[in-house]
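Heads up, the thing below is written out as structure tokens.
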Amino acid sequence: METNRKNILVAPLNWGLGHATRCIPIIRELQKNDFNVIIASDGGALSLLQKEFPDLLALPLPSYDIEYAQNGDDFKWKLIKNSPKLLLAIITENKKVKEWVTQYDLTGIISDNRFGVYNKQIPSVFITHQLKVLSGDTTWISSKIHQFFIKKFTVCWVPDLQEKPNLTGKMGHLKTTDLALEYIGPLSRLEKKELPNLYSLMVILSGPEPQRTLLETILTEEVAHFNGNVIFIKGVIESVQKKSQDKHITYYNFMTSLELENAVNESEMVLCRSGYTTIMDLTKLNKKAFFIPTPGQFEQEYLAKKMRRSGFAPFAKQDDFRIEKLLEVALYKGLPELHKEVDWAALFELFEGK
């Protein structure tokens, strides 16, 4: 590790891959601004960042070990049941970070939704698009808990626009707040390219199990009846990339950022979850899309409805999806290009003591 550059810890939550992928552009900008980045997480999120940045020091953090209910209606109660285990992981990771501040001479921390990854001795940034955490009739308490943790950090970066139009709506915008907020615009590791269309449809799977596998089973059967070339990314991070062909469908277990960037640009439309990171990626590329929110995830359900209400993209519930529903995509505008010029050097002055 280089000792003449300031060391910044970047630690995304391992919940699907979205938190890790949206940290990729931040890591790139930190490197451009001559910071030395150390990455930390667990599971698939850590594996993905290690594949993207093989030369960076990677540190393991305890897993939040969030169990996802097979029945979406049980999702909230499963989280409540597992809250003692979650709290223990938060306390454990905070102790680890305290050790790392000294061991690795950290001068800053960026945590994407990891509540314990902060330290009062150095600037600590929390990244979230959920200032209000939607959970049905318990939204008020889940939001208060989230904001309680956010206040432990120096500042909260919100990956959205502060003004309208924006992507998060009521989730990322509070009427009144005493939180230290900085809106940094939508984040995406992808760039728009003018490439020929090789695929009529791109399927991107993501998110926690068992719902990822349940959707894979449904979509594998449905896209068999699709008329056109399909590229199907399963969203399973493994040591080796696997590719297979079944008639008009090309399957991959995962793709690197550059491969995914090219594949999305080469596809006419995208079928995927309505996760916020995915929406930011499709916004950057101004793509047509069809969304299937994860059952029981109020956030994804809200975002899917917002995209439909705004005239950007249609959606269907997981159990209701049929391949014929993709015909609705032609009736929508596609995801809008929302962009904000970010002065990264000014943003990173936080870590320079300025």
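Residue numbering restarts at 1 for every chain of the structure tokens, chains are lettered A, B, ... in their displayed order, and ligands are numbered from 1 as they appear.
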Leaving out range 104-118 of chain A and any residue of its chain fewer than 3 positions from it, which residues lie within 8 Å of it when counting only C-alpha atoms, given as a VMD selection string?
-> chain A and resid 6 to 13 19 to 20 23 90 to 94 97 100 to 101 122 to 128 149 to 150 152 to 153 351
Write the selection just made, keeping N, CA and C atoms, as a PDB file, in the first residue's frame?
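out.pdb, written as the output of this step:
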```
ATOM      1  N   LYS A   6      -3.417   9.654   0.852  1.00  0.00           N
ATOM      2  CA  LYS A   6      -4.379   9.473   1.939  1.00  0.00           C
ATOM      3  C   LYS A   6      -5.257   8.260   1.662  1.00  0.00           C
ATOM      4  N   ASN A   7      -5.496   7.501   2.709  1.00  0.00           N
ATOM      5  CA  ASN A   7      -6.226   6.243   2.588  1.00  0.00           C
ATOM      6  C   ASN A   7      -7.703   6.427   2.914  1.00  0.00           C
ATOM      7  N   ILE A   8      -8.564   6.016   1.997  1.00  0.00           N
ATOM      8  CA  ILE A   8     -10.021   6.124   2.167  1.00  0.00           C
ATOM      9  C   ILE A   8     -10.625   4.729   2.121  1.00  0.00           C
ATOM     10  N   LEU A   9     -11.408   4.394   3.120  1.00  0.00           N
ATOM     11  CA  LEU A   9     -12.121   3.118   3.159  1.00  0.00           C
ATOM     12  C   LEU A   9     -13.477   3.266   2.490  1.00  0.00           C
ATOM     13  N   VAL A  10     -13.768   2.391   1.529  1.00  0.00           N
ATOM     14  CA  VAL A  10     -15.074   2.380   0.851  1.00  0.00           C
ATOM     15  C   VAL A  10     -15.733   1.038   1.131  1.00  0.00           C
ATOM     16  N   ALA A  11     -16.926   1.075   1.761  1.00  0.00           N
ATOM     17  CA  ALA A  11     -17.552  -0.166   2.234  1.00  0.00           C
ATOM     18  C   ALA A  11     -19.046  -0.190   1.900  1.00  0.00           C
ATOM     19  N   PRO A  12     -19.445  -0.936   0.875  1.00  0.00           N
ATOM     20  CA  PRO A  12     -20.865  -1.069   0.539  1.00  0.00           C
ATOM     21  C   PRO A  12     -21.537  -2.239   1.260  1.00  0.00           C
ATOM     22  N   LEU A  13     -22.826  -2.117   1.445  1.00  0.00           N
ATOM     23  CA  LEU A  13     -23.635  -3.199   1.997  1.00  0.00           C
ATOM     24  C   LEU A  13     -23.721  -4.341   0.986  1.00  0.00           C
ATOM     25  N   HIS A  19     -25.432  -1.837  -4.208  1.00  0.00           N
ATOM     26  CA  HIS A  19     -24.642  -0.952  -3.356  1.00  0.00           C
ATOM     27  C   HIS A  19     -23.171  -0.977  -3.771  1.00  0.00           C
ATOM     28  N   ALA A  20     -22.690  -2.155  -4.161  1.00  0.00           N
ATOM     29  CA  ALA A  20     -21.293  -2.268  -4.590  1.00  0.00           C
ATOM     30  C   ALA A  20     -21.077  -1.604  -5.946  1.00  0.00           C
ATOM     31  N   CYS A  23     -20.770   2.104  -5.962  1.00  0.00           N
ATOM     32  CA  CYS A  23     -19.528   2.599  -5.370  1.00  0.00           C
ATOM     33  C   CYS A  23     -18.389   2.627  -6.388  1.00  0.00           C
ATOM     34  N   ILE A  90     -23.530  -4.821  13.199  1.00  0.00           N
ATOM     35  CA  ILE A  90     -23.215  -3.392  13.149  1.00  0.00           C
ATOM     36  C   ILE A  90     -22.187  -3.038  14.227  1.00  0.00           C
ATOM     37  N   ILE A  91     -22.388  -3.560  15.428  1.00  0.00           N
ATOM     38  CA  ILE A  91     -21.446  -3.308  16.531  1.00  0.00           C
ATOM     39  C   ILE A  91     -20.078  -3.900  16.211  1.00  0.00           C
ATOM     40  N   THR A  92     -20.073  -5.105  15.649  1.00  0.00           N
ATOM     41  CA  THR A  92     -18.816  -5.781  15.312  1.00  0.00           C
ATOM     42  C   THR A  92     -18.043  -5.022  14.243  1.00  0.00           C
ATOM     43  N   GLU A  93     -18.743  -4.574  13.185  1.00  0.00           N
ATOM     44  CA  GLU A  93     -18.039  -3.872  12.117  1.00  0.00           C
ATOM     45  C   GLU A  93     -17.533  -2.519  12.596  1.00  0.00           C
ATOM     46  N   ASN A  94     -18.239  -1.876  13.522  1.00  0.00           N
ATOM     47  CA  ASN A  94     -17.768  -0.599  14.051  1.00  0.00           C
ATOM     48  C   ASN A  94     -16.461  -0.777  14.823  1.00  0.00           C
ATOM     49  N   VAL A  97     -13.680  -1.252  12.257  1.00  0.00           N
ATOM     50  CA  VAL A  97     -13.321   0.018  11.626  1.00  0.00           C
ATOM     51  C   VAL A  97     -12.447   0.851  12.569  1.00  0.00           C
ATOM     52  N   TRP A 100      -9.064  -0.414  12.181  1.00  0.00           N
ATOM     53  CA  TRP A 100      -8.505  -0.104  10.865  1.00  0.00           C
ATOM     54  C   TRP A 100      -8.058   1.348  10.753  1.00  0.00           C
ATOM     55  N   VAL A 101      -8.744   2.263  11.453  1.00  0.00           N
ATOM     56  CA  VAL A 101      -8.377   3.678  11.398  1.00  0.00           C
ATOM     57  C   VAL A 101      -6.911   3.842  11.774  1.00  0.00           C
ATOM     58  N   ILE A 122     -12.486  10.629  12.231  1.00  0.00           N
ATOM     59  CA  ILE A 122     -12.204  11.025  10.842  1.00  0.00           C
ATOM     60  C   ILE A 122     -13.516  11.261  10.101  1.00  0.00           C
ATOM     61  N   PRO A 123     -13.485  12.034   9.008  1.00  0.00           N
ATOM     62  CA  PRO A 123     -14.702  12.275   8.226  1.00  0.00           C
ATOM     63  C   PRO A 123     -15.295  10.963   7.719  1.00  0.00           C
ATOM     64  N   SER A 124     -16.585  10.776   7.982  1.00  0.00           N
ATOM     65  CA  SER A 124     -17.275   9.547   7.601  1.00  0.00           C
ATOM     66  C   SER A 124     -18.522   9.890   6.802  1.00  0.00           C
ATOM     67  N   VAL A 125     -18.616   9.342   5.599  1.00  0.00           N
ATOM     68  CA  VAL A 125     -19.722   9.631   4.680  1.00  0.00           C
ATOM     69  C   VAL A 125     -20.652   8.428   4.612  1.00  0.00           C
ATOM     70  N   PHE A 126     -21.948   8.695   4.655  1.00  0.00           N
ATOM     71  CA  PHE A 126     -22.959   7.655   4.472  1.00  0.00           C
ATOM     72  C   PHE A 126     -23.646   7.909   3.129  1.00  0.00           C
ATOM     73  N   ILE A 127     -23.791   6.872   2.316  1.00  0.00           N
ATOM     74  CA  ILE A 127     -24.491   6.993   1.032  1.00  0.00           C
ATOM     75  C   ILE A 127     -25.816   6.261   1.119  1.00  0.00           C
ATOM     76  N   THR A 128     -26.888   6.958   0.784  1.00  0.00           N
ATOM     77  CA  THR A 128     -28.207   6.312   0.725  1.00  0.00           C
ATOM     78  C   THR A 128     -29.136   7.131  -0.162  1.00  0.00           C
ATOM     79  N   PHE A 149     -29.141   6.406  12.530  1.00  0.00           N
ATOM     80  CA  PHE A 149     -27.810   5.948  12.131  1.00  0.00           C
ATOM     81  C   PHE A 149     -27.119   6.968  11.228  1.00  0.00           C
ATOM     82  N   ILE A 150     -27.874   7.591  10.319  1.00  0.00           N
ATOM     83  CA  ILE A 150     -27.278   8.574   9.412  1.00  0.00           C
ATOM     84  C   ILE A 150     -26.622   9.710  10.187  1.00  0.00           C
ATOM     85  N   LYS A 152     -24.947   9.673  12.753  1.00  0.00           N
ATOM     86  CA  LYS A 152     -23.647   9.303  13.301  1.00  0.00           C
ATOM     87  C   LYS A 152     -22.513   9.637  12.329  1.00  0.00           C
ATOM     88  N   PHE A 153     -22.868   9.943  11.089  1.00  0.00           N
ATOM     89  CA  PHE A 153     -21.881  10.236  10.055  1.00  0.00           C
ATOM     90  C   PHE A 153     -21.700  11.746   9.889  1.00  0.00           C
ATOM     91  N   PHE A 351     -12.035  15.108   2.990  1.00  0.00           N
ATOM     92  CA  PHE A 351     -10.974  14.221   3.444  1.00  0.00           C
ATOM     93  C   PHE A 351      -9.602  14.896   3.496  1.00  0.00           C
TER      94      PHE A 351
END
```
Spatial neighbours of range 189-192 of chain A, max dist 9 Å, only C-alpha atoms, sep filter under 6 positions, as an mmCIF file with N, CA and C atoms, in the first residue's frame:
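Okay, selection.cif is ready:
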```cif
data_model
loop_
_atom_site.group_PDB
_atom_site.id
_atom_site.type_symbol
_atom_site.label_atom_id
_atom_site.label_comp_id
_atom_site.auth_asym_id
_atom_site.auth_seq_id
_atom_site.Cartn_x
_atom_site.Cartn_y
_atom_site.Cartn_z
ATOM 1 N N THR A 21 -21.981 -1.836 -6.892
ATOM 2 C CA THR A 21 -21.767 -1.297 -8.235
ATOM 3 C C THR A 21 -21.819 0.224 -8.244
ATOM 4 N N ARG A 22 -22.655 0.825 -7.415
ATOM 5 C CA ARG A 22 -22.706 2.292 -7.441
ATOM 6 C C ARG A 22 -21.530 2.924 -6.690
ATOM 7 N N CYS A 23 -20.770 2.104 -5.962
ATOM 8 C CA CYS A 23 -19.528 2.599 -5.370
ATOM 9 C C CYS A 23 -18.389 2.627 -6.388
ATOM 10 N N ILE A 24 -18.534 1.909 -7.501
ATOM 11 C CA ILE A 24 -17.468 1.833 -8.498
ATOM 12 C C ILE A 24 -17.102 3.209 -9.055
ATOM 13 N N PRO A 25 -18.075 4.042 -9.491
ATOM 14 C CA PRO A 25 -17.675 5.373 -9.984
ATOM 15 C C PRO A 25 -17.038 6.244 -8.905
ATOM 16 N N ILE A 26 -17.433 6.064 -7.656
ATOM 17 C CA ILE A 26 -16.824 6.834 -6.566
ATOM 18 C C ILE A 26 -15.377 6.410 -6.362
ATOM 19 N N SER A 257 -17.991 -4.618 -15.371
ATOM 20 C CA SER A 257 -18.622 -3.341 -15.696
ATOM 21 C C SER A 257 -18.541 -3.026 -17.181
ATOM 22 N N LEU A 258 -17.361 -3.223 -17.786
ATOM 23 C CA LEU A 258 -17.191 -2.897 -19.202
ATOM 24 C C LEU A 258 -18.039 -3.811 -20.074
ATOM 25 N N LEU A 260 -20.809 -5.341 -19.197
ATOM 26 C CA LEU A 260 -22.207 -4.980 -18.988
ATOM 27 C C LEU A 260 -22.542 -3.680 -19.712
ATOM 28 N N GLU A 261 -21.630 -2.726 -19.647
ATOM 29 C CA GLU A 261 -21.823 -1.449 -20.340
ATOM 30 C C GLU A 261 -22.071 -1.662 -21.826
ATOM 31 N N ASN A 262 -21.232 -2.482 -22.458
ATOM 32 C CA ASN A 262 -21.395 -2.757 -23.887
ATOM 33 C C ASN A 262 -22.703 -3.493 -24.164
ATOM 34 N N ASN A 265 -25.792 -1.249 -23.888
ATOM 35 C CA ASN A 265 -25.832 -0.349 -25.045
ATOM 36 C C ASN A 265 -26.224 -1.074 -26.325
ATOM 37 N N ASP A 281 -28.525 3.315 -13.602
ATOM 38 C CA ASP A 281 -27.779 2.856 -14.783
ATOM 39 C C ASP A 281 -28.593 3.073 -16.059
ATOM 40 N N LEU A 282 -29.861 2.698 -16.031
ATOM 41 C CA LEU A 282 -30.700 2.806 -17.229
ATOM 42 C C LEU A 282 -30.999 4.262 -17.561
ATOM 43 N N LYS A 284 -28.800 6.704 -17.028
ATOM 44 C CA LYS A 284 -27.565 7.180 -17.659
ATOM 45 C C LYS A 284 -27.531 6.805 -19.137
ATOM 46 N N LEU A 285 -28.084 5.621 -19.465
ATOM 47 C CA LEU A 285 -28.034 5.127 -20.842
ATOM 48 C C LEU A 285 -29.314 5.415 -21.617
ATOM 49 N N ASN A 286 -30.291 6.075 -20.941
ATOM 50 C CA ASN A 286 -31.542 6.485 -21.610
ATOM 51 C C ASN A 286 -32.229 5.289 -22.272
#
```
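For Glu238 in chain A, the list of residues within 8 Å, based on only C-alpha atoms and with local chain neighbours fewer than 2 positions off taken out, reads Val236, Val240, Gln241, Asn253 and Phe254 of chain A.
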Filtering to all heavy atoms, could you give me those residues as a short mmCIF file (atom, residue, chain, number, x, y, z; two decimals), in the first residue's frame?
```
data_model
loop_
_atom_site.label_atom_id
_atom_site.label_comp_id
_atom_site.auth_asym_id
_atom_site.auth_seq_id
_atom_site.Cartn_x
_atom_site.Cartn_y
_atom_site.Cartn_z
N VAL A 236 -25.03 -13.80 -10.72
CA VAL A 236 -24.39 -14.69 -9.75
C VAL A 236 -22.88 -14.50 -9.87
O VAL A 236 -22.28 -14.87 -10.89
CB VAL A 236 -24.76 -16.16 -10.01
CG1 VAL A 236 -24.05 -17.08 -9.02
CG2 VAL A 236 -26.27 -16.35 -9.93
N VAL A 240 -15.28 -17.81 -11.81
CA VAL A 240 -15.07 -17.86 -13.26
C VAL A 240 -16.35 -17.46 -13.98
O VAL A 240 -17.45 -17.87 -13.60
CB VAL A 240 -14.65 -19.28 -13.70
CG1 VAL A 240 -14.49 -19.35 -15.21
CG2 VAL A 240 -13.37 -19.70 -13.00
N GLN A 241 -16.20 -16.64 -15.01
CA GLN A 241 -17.36 -16.28 -15.82
C GLN A 241 -17.79 -17.46 -16.69
O GLN A 241 -16.96 -18.13 -17.29
CB GLN A 241 -17.03 -15.08 -16.72
CG GLN A 241 -18.25 -14.56 -17.48
CD GLN A 241 -17.90 -13.44 -18.43
OE1 GLN A 241 -17.17 -13.66 -19.40
NE2 GLN A 241 -18.39 -12.24 -18.16
N ASN A 253 -23.31 -15.88 -16.19
CA ASN A 253 -23.55 -15.84 -14.75
C ASN A 253 -23.33 -14.43 -14.20
O ASN A 253 -24.07 -13.97 -13.33
CB ASN A 253 -22.68 -16.86 -14.00
CG ASN A 253 -21.19 -16.74 -14.33
OD1 ASN A 253 -20.79 -16.10 -15.30
ND2 ASN A 253 -20.37 -17.38 -13.52
N PHE A 254 -22.33 -13.72 -14.74
CA PHE A 254 -22.12 -12.32 -14.37
C PHE A 254 -21.31 -11.66 -15.47
O PHE A 254 -20.76 -12.32 -16.35
CB PHE A 254 -21.38 -12.18 -13.02
CG PHE A 254 -19.93 -12.59 -13.08
CD1 PHE A 254 -18.94 -11.66 -13.38
CD2 PHE A 254 -19.55 -13.91 -12.84
CE1 PHE A 254 -17.60 -12.04 -13.44
CE2 PHE A 254 -18.22 -14.29 -12.91
CZ PHE A 254 -17.24 -13.35 -13.21
#
```
Considering only C-alpha atoms, return as a list of chain:residue names whatever protein or nucleic-acid residues lie within 6 Å of Asp42 in chain A, sequence-local ones (same chain, fewer than 5 positions apart) excluded.
-> A:Pro60, A:Leu61, A:Ser63
One-decimal distance in Å that lies between CA of Asp246 in chain A and CA of Pro314 in chain A =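 Computing it gives 27.4 Å between the two atoms.
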Might you pull out every residue within 6 Å of range 272-275 of chain A, with only C-alpha atoms counted and same-chain residues fewer than 4 positions away left off, and present them as a ChimeraX atom specification?
-> /A:203-204,291-293,300,304
Take the residues that were just selected and, keeping all heavy atoms, output them as a short mmCIF file (atom, residue, chain, number, x, y, z; two decimals), in the first residue's frame.
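Saved to part-v3.cif:
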```
data_model
loop_
_atom_site.label_atom_id
_atom_site.label_comp_id
_atom_site.auth_asym_id
_atom_site.auth_seq_id
_atom_site.Cartn_x
_atom_site.Cartn_y
_atom_site.Cartn_z
N VAL A 203 -31.94 -9.32 -20.14
CA VAL A 203 -32.47 -9.65 -18.82
C VAL A 203 -31.33 -9.51 -17.82
O VAL A 203 -30.26 -10.10 -18.01
CB VAL A 203 -33.03 -11.09 -18.78
CG1 VAL A 203 -33.51 -11.43 -17.37
CG2 VAL A 203 -34.15 -11.27 -19.79
N ILE A 204 -31.55 -8.72 -16.77
CA ILE A 204 -30.54 -8.57 -15.72
C ILE A 204 -31.17 -8.95 -14.39
O ILE A 204 -32.14 -8.32 -13.95
CB ILE A 204 -30.03 -7.12 -15.63
CG1 ILE A 204 -29.52 -6.63 -16.98
CG2 ILE A 204 -28.92 -7.02 -14.58
CD1 ILE A 204 -29.08 -5.18 -16.97
N PHE A 291 -39.98 -3.36 -15.60
CA PHE A 291 -39.55 -3.66 -14.24
C PHE A 291 -40.41 -4.73 -13.58
O PHE A 291 -41.63 -4.78 -13.78
CB PHE A 291 -39.58 -2.41 -13.37
CG PHE A 291 -38.57 -1.36 -13.79
CD1 PHE A 291 -38.98 -0.11 -14.23
CD2 PHE A 291 -37.21 -1.63 -13.74
CE1 PHE A 291 -38.06 0.85 -14.61
CE2 PHE A 291 -36.28 -0.68 -14.12
CZ PHE A 291 -36.71 0.56 -14.55
N ILE A 292 -39.75 -5.56 -12.78
CA ILE A 292 -40.44 -6.53 -11.91
C ILE A 292 -39.90 -6.32 -10.50
O ILE A 292 -38.81 -6.80 -10.17
CB ILE A 292 -40.19 -7.99 -12.36
CG1 ILE A 292 -40.64 -8.19 -13.81
CG2 ILE A 292 -40.92 -8.96 -11.42
CD1 ILE A 292 -40.34 -9.59 -14.35
N PRO A 293 -40.61 -5.57 -9.64
CA PRO A 293 -40.10 -5.31 -8.29
C PRO A 293 -40.01 -6.59 -7.47
O PRO A 293 -40.80 -7.52 -7.64
CB PRO A 293 -41.12 -4.34 -7.70
CG PRO A 293 -42.34 -4.49 -8.53
CD PRO A 293 -41.88 -4.90 -9.90
N GLN A 300 -38.75 -0.98 -3.95
CA GLN A 300 -38.81 -1.32 -5.37
C GLN A 300 -40.22 -1.18 -5.93
O GLN A 300 -40.41 -0.77 -7.08
CB GLN A 300 -38.27 -2.73 -5.60
CG GLN A 300 -36.77 -2.85 -5.41
CD GLN A 300 -36.20 -4.12 -6.03
OE1 GLN A 300 -36.88 -4.82 -6.79
NE2 GLN A 300 -34.96 -4.42 -5.71
N ALA A 304 -41.06 1.34 -8.99
CA ALA A 304 -41.70 0.84 -10.20
C ALA A 304 -42.96 1.64 -10.52
O ALA A 304 -43.21 2.00 -11.68
CB ALA A 304 -42.03 -0.64 -10.04
#
```
DSSP strand (DSSP E or B) residues within range 65-299 of chain A, as a ChimeraX atom specification = /A:106-112,124-127,155-158,181-183,199-204,230-233,243-246,249-252,267-272,288-291
Extract the full set of helix (DSSP H, G or I) residues from range 205-274 of chain A according to DSSP on the backbone, and format it as a ChimeraX atom specification.
-> /A:211-223,257-265
Selection: 7 Å around Asn14 in chain A, only C-alpha atoms, excl. self and same-chain fewer than 4 positions, as a VMD selection string | chain A and resid 41 to 45
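For the set A:Tyr251, A:Tyr332, A:Phe298, A:Phe348, the residue with the smallest atom-to-atom gap to Gly311 in chain A is A:Tyr332, counting only C-alpha atoms.
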Return the single residue from A:Thr177, A:Met280, A:Leu347, A:Gly353 that is closest to Leu30 in chain A, with distances computed using only C-alpha atoms.
->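 Of A:Thr177, A:Met280, A:Leu347, A:Gly353, the one nearest Leu30 in chain A is A:Leu347, counting only C-alpha atoms.
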Do a neighbour search on Ser143 in chain A at 12 Å with only C-alpha atoms, toss out local chain neighbours closer than 2 positions, and write the hits as a ChimeraX atom specification.
-> /A:130-141,145-150,170-172,174
Kindly provide the residues of range 132-223 of chain A that approach range 335-342 of chain A to within 10 Å, each paired with its closest atom pair and their distance in Å to one decimal, based on only C-alpha atoms, listed by chain and increasing number, as CSV.
```
residue,atom,partner,partner_atom,distance
A:Asp160,CA,A:Lys340,CA,8.7
A:Leu161,CA,A:Lys340,CA,7.3
A:Pro165,CA,A:Leu338,CA,8.1
A:Asn166,CA,A:Leu338,CA,7.6
A:Leu167,CA,A:Leu338,CA,8.6
A:Tyr183,CA,A:Lys340,CA,9.4
A:Ile184,CA,A:Val342,CA,6.4
A:Gly185,CA,A:Lys340,CA,5.2
A:Pro186,CA,A:His339,CA,6.9
A:Leu187,CA,A:His339,CA,9.2
```
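Distance annotation: of A:Lys193, A:Lys144, A:Arg5, A:Arg212, the residue with the minimal separation from Asn33 in chain A is A:Arg5; atom set is only C-alpha atoms.
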